[in-house]
Structure formats: C-alpha cells, structure tokens
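Enquirer: One structure, pasted below without further comment.
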Amino acid sequence: MKTTASILAIALCLAASAGAANAQTIDNNQRNWTNIRAQLNATISEVAGDVSATSAAIANSFTAEGNNLATLNNYQNFWGDSRSGLNATIGQVTGDVSLTSAAIANSATIDVDVATNINNTQLAGYDPSAALNSTITTVVGDVSQTSAALSNSASIESEFGRVASTQFNGAAVYADMNTAVRNVTGSVTATTAAIGNSLTVTGF
C-alpha cells in the first residue's frame, strides 16, 4: 500500500548548515475541531494512457525536511470528523488505473539528516472514515485500489539523539471498499486499511 501519510502533505523545507551552532528549532502546533470532507464521483472511459483518481480528507498534516535540527516539537490535535469517498466507473483504458480514498486525522513526516531531540504528540478523538466504490472494465494495464483510514500516523527518518512519541486514538476507524473488476490484462490489487496509531522510525 502506498503510504497515505504522504498524500497532500504540507512541505516545510529547512536550509541549515552543519554544526551545532547553526542548528534549528521547529515548533509545530496544529489543532482542528471541524469536520473534513472529500468526495469524488468520476466516470472515465476511452483513455489512451494512465488513469489516477484520489479523494483525500486530511485534518492535520506536517512535513519537515532539512539538514540539522536541535529540537523538533510536533503537536497535532484533531477532534473533528474526517471522511473521504470515491465513486468511480472506469472503462476502456490502455494504461494503468490507480484509485485512492484516504481519510487521515493527524499525519507527520520528518526527514532530517541530524536531530538532537524529536518530540511527537498526536491526539485523535473522532472517526476517520474512507470509502471506495468502483466498477472497472477493459484495462490494458494494472489496476490498483486503496481505501485507507488513519487516526495518527508519523514517519521519522533521522540520525537523532532522542525521539519521544505519544499517539492517542479515541476514535473508531473505518475503511470500506466495494469493487467489480473485469477484463484486465495486468495485475489487480485491492487494499483496505484501518489504522489507529502508526509510527515508523528509521535512519539511526
């Protein structure tokens, strides 16, 4: 499954030279108490190429990429309702077909060469829900479909001194897919994923 935490992420680029004297500090504070909705209804046919359709409802999203950090503090709090829906009818495509429906409460991606301290806090209290309904026929290529709902997702890649992460999910998480696929010459993959808390740490 493609990492849905990267879908429509907000990028923050840092330019910092090496050395402790030039190290930077980032404090990110995101709070959302409203409902987030994304709905895509698509009818696509007779395409001489690839077809890609994405419906994404994301409450809080944070991306940090750079060289040298003293401290990074990420705080994300979501008490709304995130819902994504994708209804697609697709036929007669000579390329690949990719469909994604993603509902995310809190998402953080941190890619820093060197960091002394990384603190991540993500809180979610209401239900992320993703739904994908599709009918796909006559595709000369591959078909890939993903319906993913995530409450808290964090990815950290860095040579760090310390990482402290707290993820709290008090919500139900729903991912649904109903699909009919016929006459495909390539491979067919269909994935539904409902995730409460997810943390990936690499690079040390």
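In the structure tokens, the first chain shown is A, the next is B, and so on; residue numbers restart at 1 for each chain, and ligands run from 1 in the order shown.
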What are the nearest atom pairs, with distances in Å to one decimal, for all residues of region 47-141 of chain A that come at most 12 Å from region 152-155 of chain A, using only C-alpha atoms, set out by chain and rising residue number as CSV?

Expert:
residue,atom,partner,partner_atom,distance
A:Ile58,CA,A:Asn152,CA,11.0
A:Ala59,CA,A:Asn152,CA,10.6
A:Asn60,CA,A:Asn152,CA,9.7
A:Ser61,CA,A:Ser153,CA,9.6
A:Phe62,CA,A:Ala154,CA,9.4
A:Thr63,CA,A:Ser155,CA,9.6
A:Ala64,CA,A:Ser155,CA,10.5
A:Glu65,CA,A:Ser155,CA,11.7
A:Asn74,CA,A:Ala154,CA,10.0
A:Tyr75,CA,A:Ala154,CA,11.3
A:Gln76,CA,A:Asn152,CA,9.0
A:Asn77,CA,A:Asn152,CA,9.7
A:Phe78,CA,A:Asn152,CA,9.5
A:Ala103,CA,A:Asn152,CA,10.8
A:Ile104,CA,A:Asn152,CA,7.5
A:Ala105,CA,A:Asn152,CA,6.3
A:Asn106,CA,A:Asn152,CA,4.9
A:Ser107,CA,A:Ser153,CA,4.9
A:Ala108,CA,A:Ala154,CA,4.7
A:Thr109,CA,A:Ser155,CA,4.9
A:Ile110,CA,A:Ser155,CA,6.1
A:Asp111,CA,A:Ser155,CA,8.1
A:Val112,CA,A:Ser155,CA,11.1
A:Ile118,CA,A:Ser155,CA,11.5
A:Asn119,CA,A:Ala154,CA,11.1
A:Asn120,CA,A:Ala154,CA,8.1
A:Thr121,CA,A:Asn152,CA,9.3
A:Gln122,CA,A:Asn152,CA,6.1
A:Leu123,CA,A:Asn152,CA,7.2
A:Ala124,CA,A:Asn152,CA,7.0
A:Gly125,CA,A:Asn152,CA,10.4
A:Tyr126,CA,A:Asn152,CA,11.4
A:Asp127,CA,A:Asn152,CA,11.5
A:Pro128,CA,A:Asn152,CA,10.1

Enquirer: Using DSSP secondary structure from the backbone, list all strand (DSSP E or B) positions within chain A, as a ChimeraX atom specification.

Expert: /A:11-13,24-32,36-47,51-78,82-93,97-124,129-139,143-169,174-184,188-202

Enquirer: Could you produce a table of the residues of region 63-117 of chain A lying within 7 Å of region 31-39 of chain A, with the nearest pair of atoms per residue and their separation in Å rounded to one decimal, using only C-alpha atoms, ordered by chain and increasing residue number, as a Markdown table?

Expert:
| residue | atom | partner | partner_atom | distance |
| --- | --- | --- | --- | --- |
| A:Gln76 | CA | A:Arg31 | CA | 5.9 |
| A:Asn77 | CA | A:Arg31 | CA | 4.7 |
| A:Phe78 | CA | A:Asn32 | CA | 4.9 |
| A:Trp79 | CA | A:Trp33 | CA | 4.8 |
| A:Gly80 | CA | A:Trp33 | CA | 4.6 |
| A:Asp81 | CA | A:Asn35 | CA | 4.6 |
| A:Ser82 | CA | A:Ile36 | CA | 4.6 |
| A:Arg83 | CA | A:Arg37 | CA | 5.1 |
| A:Ser84 | CA | A:Ala38 | CA | 4.7 |
| A:Gly85 | CA | A:Gln39 | CA | 4.7 |
| A:Leu86 | CA | A:Gln39 | CA | 5.9 |

Enquirer: Separation of CA of Ser98 (chain A) and CA of Thr135 (chain A), in Å?

Expert: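 Separation of CA of Ser98 (chain A) and CA of Thr135 (chain A): 12.6 Å.
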
Enquirer: Take CA of Ala194 (chain A) and CA of Gly91 (chain A) and report the distance between them in Å, one decimal.

Expert: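 Spanning CA of Ala194 (chain A) to CA of Gly91 (chain A) is a straight-line distance of 28.4 Å.
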
Enquirer: Out of A:Ser134, A:Thr192, A:Thr94, A:Gln167, which residue has the shortest atom-to-atom distance to Thr179 (chain A) when counting only C-alpha atoms?

Expert: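 Smallest separation from Thr179 (chain A) among the options: A:Ser134.
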
Enquirer: Would you compute the distance between CA of Gly49 (chain A) and CA of Asn133 (chain A)? Give it in Å to one decimal.

Expert: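 Here the two named atoms are 21.9 Å from each other.
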
Enquirer: Would you list the contacts of Gly141 (chain A) as a compact mmCIF listing (two decimals) with N, CA, C and O atoms, in the first residue's frame, taking every protein, DNA or RNA residue within 8 Å and counting only C-alpha atoms, but skipping same-chain residues closer than 2 positions in sequence?

Expert:
# COMPACT_ATOMS: atom_id res chain seq x y z
N VAL A 93 -9.40 1.50 -20.87
CA VAL A 93 -8.18 2.24 -20.56
C VAL A 93 -6.99 1.41 -21.04
O VAL A 93 -6.88 0.22 -20.71
N THR A 94 -6.08 2.03 -21.79
CA THR A 94 -4.92 1.31 -22.31
C THR A 94 -3.72 1.37 -21.37
O THR A 94 -2.73 0.70 -21.60
N GLY A 95 -3.79 2.15 -20.32
CA GLY A 95 -2.71 2.24 -19.34
C GLY A 95 -3.11 1.65 -18.01
O GLY A 95 -3.99 0.79 -17.92
N ASP A 96 -2.46 2.11 -16.95
CA ASP A 96 -2.75 1.65 -15.60
C ASP A 96 -3.86 2.48 -14.97
O ASP A 96 -4.08 3.65 -15.33
N VAL A 97 -4.54 1.88 -14.00
CA VAL A 97 -5.60 2.56 -13.25
C VAL A 97 -5.26 2.52 -11.77
O VAL A 97 -4.98 1.46 -11.21
N VAL A 139 -9.20 -3.03 -19.12
CA VAL A 139 -8.00 -2.25 -18.84
C VAL A 139 -6.79 -3.02 -19.36
O VAL A 139 -6.55 -4.16 -18.97
N VAL A 143 -4.28 -2.59 -12.34
CA VAL A 143 -5.32 -1.91 -11.57
C VAL A 143 -4.94 -1.97 -10.10
O VAL A 143 -4.68 -3.05 -9.57
N VAL A 184 -9.05 -7.39 -17.35
CA VAL A 184 -7.80 -6.67 -17.08
C VAL A 184 -6.64 -7.56 -17.52
O VAL A 184 -6.54 -8.71 -17.10
N THR A 185 -5.73 -7.01 -18.32
CA THR A 185 -4.60 -7.81 -18.82
C THR A 185 -3.42 -7.79 -17.86
O THR A 185 -2.53 -8.63 -17.97
N GLY A 186 -3.38 -6.85 -16.94
CA GLY A 186 -2.29 -6.75 -15.98
C GLY A 186 -2.70 -7.29 -14.62
O GLY A 186 -3.65 -8.07 -14.49
N SER A 187 -1.98 -6.88 -13.60
CA SER A 187 -2.26 -7.32 -12.23
C SER A 187 -3.36 -6.45 -11.61
O SER A 187 -3.56 -5.30 -11.99
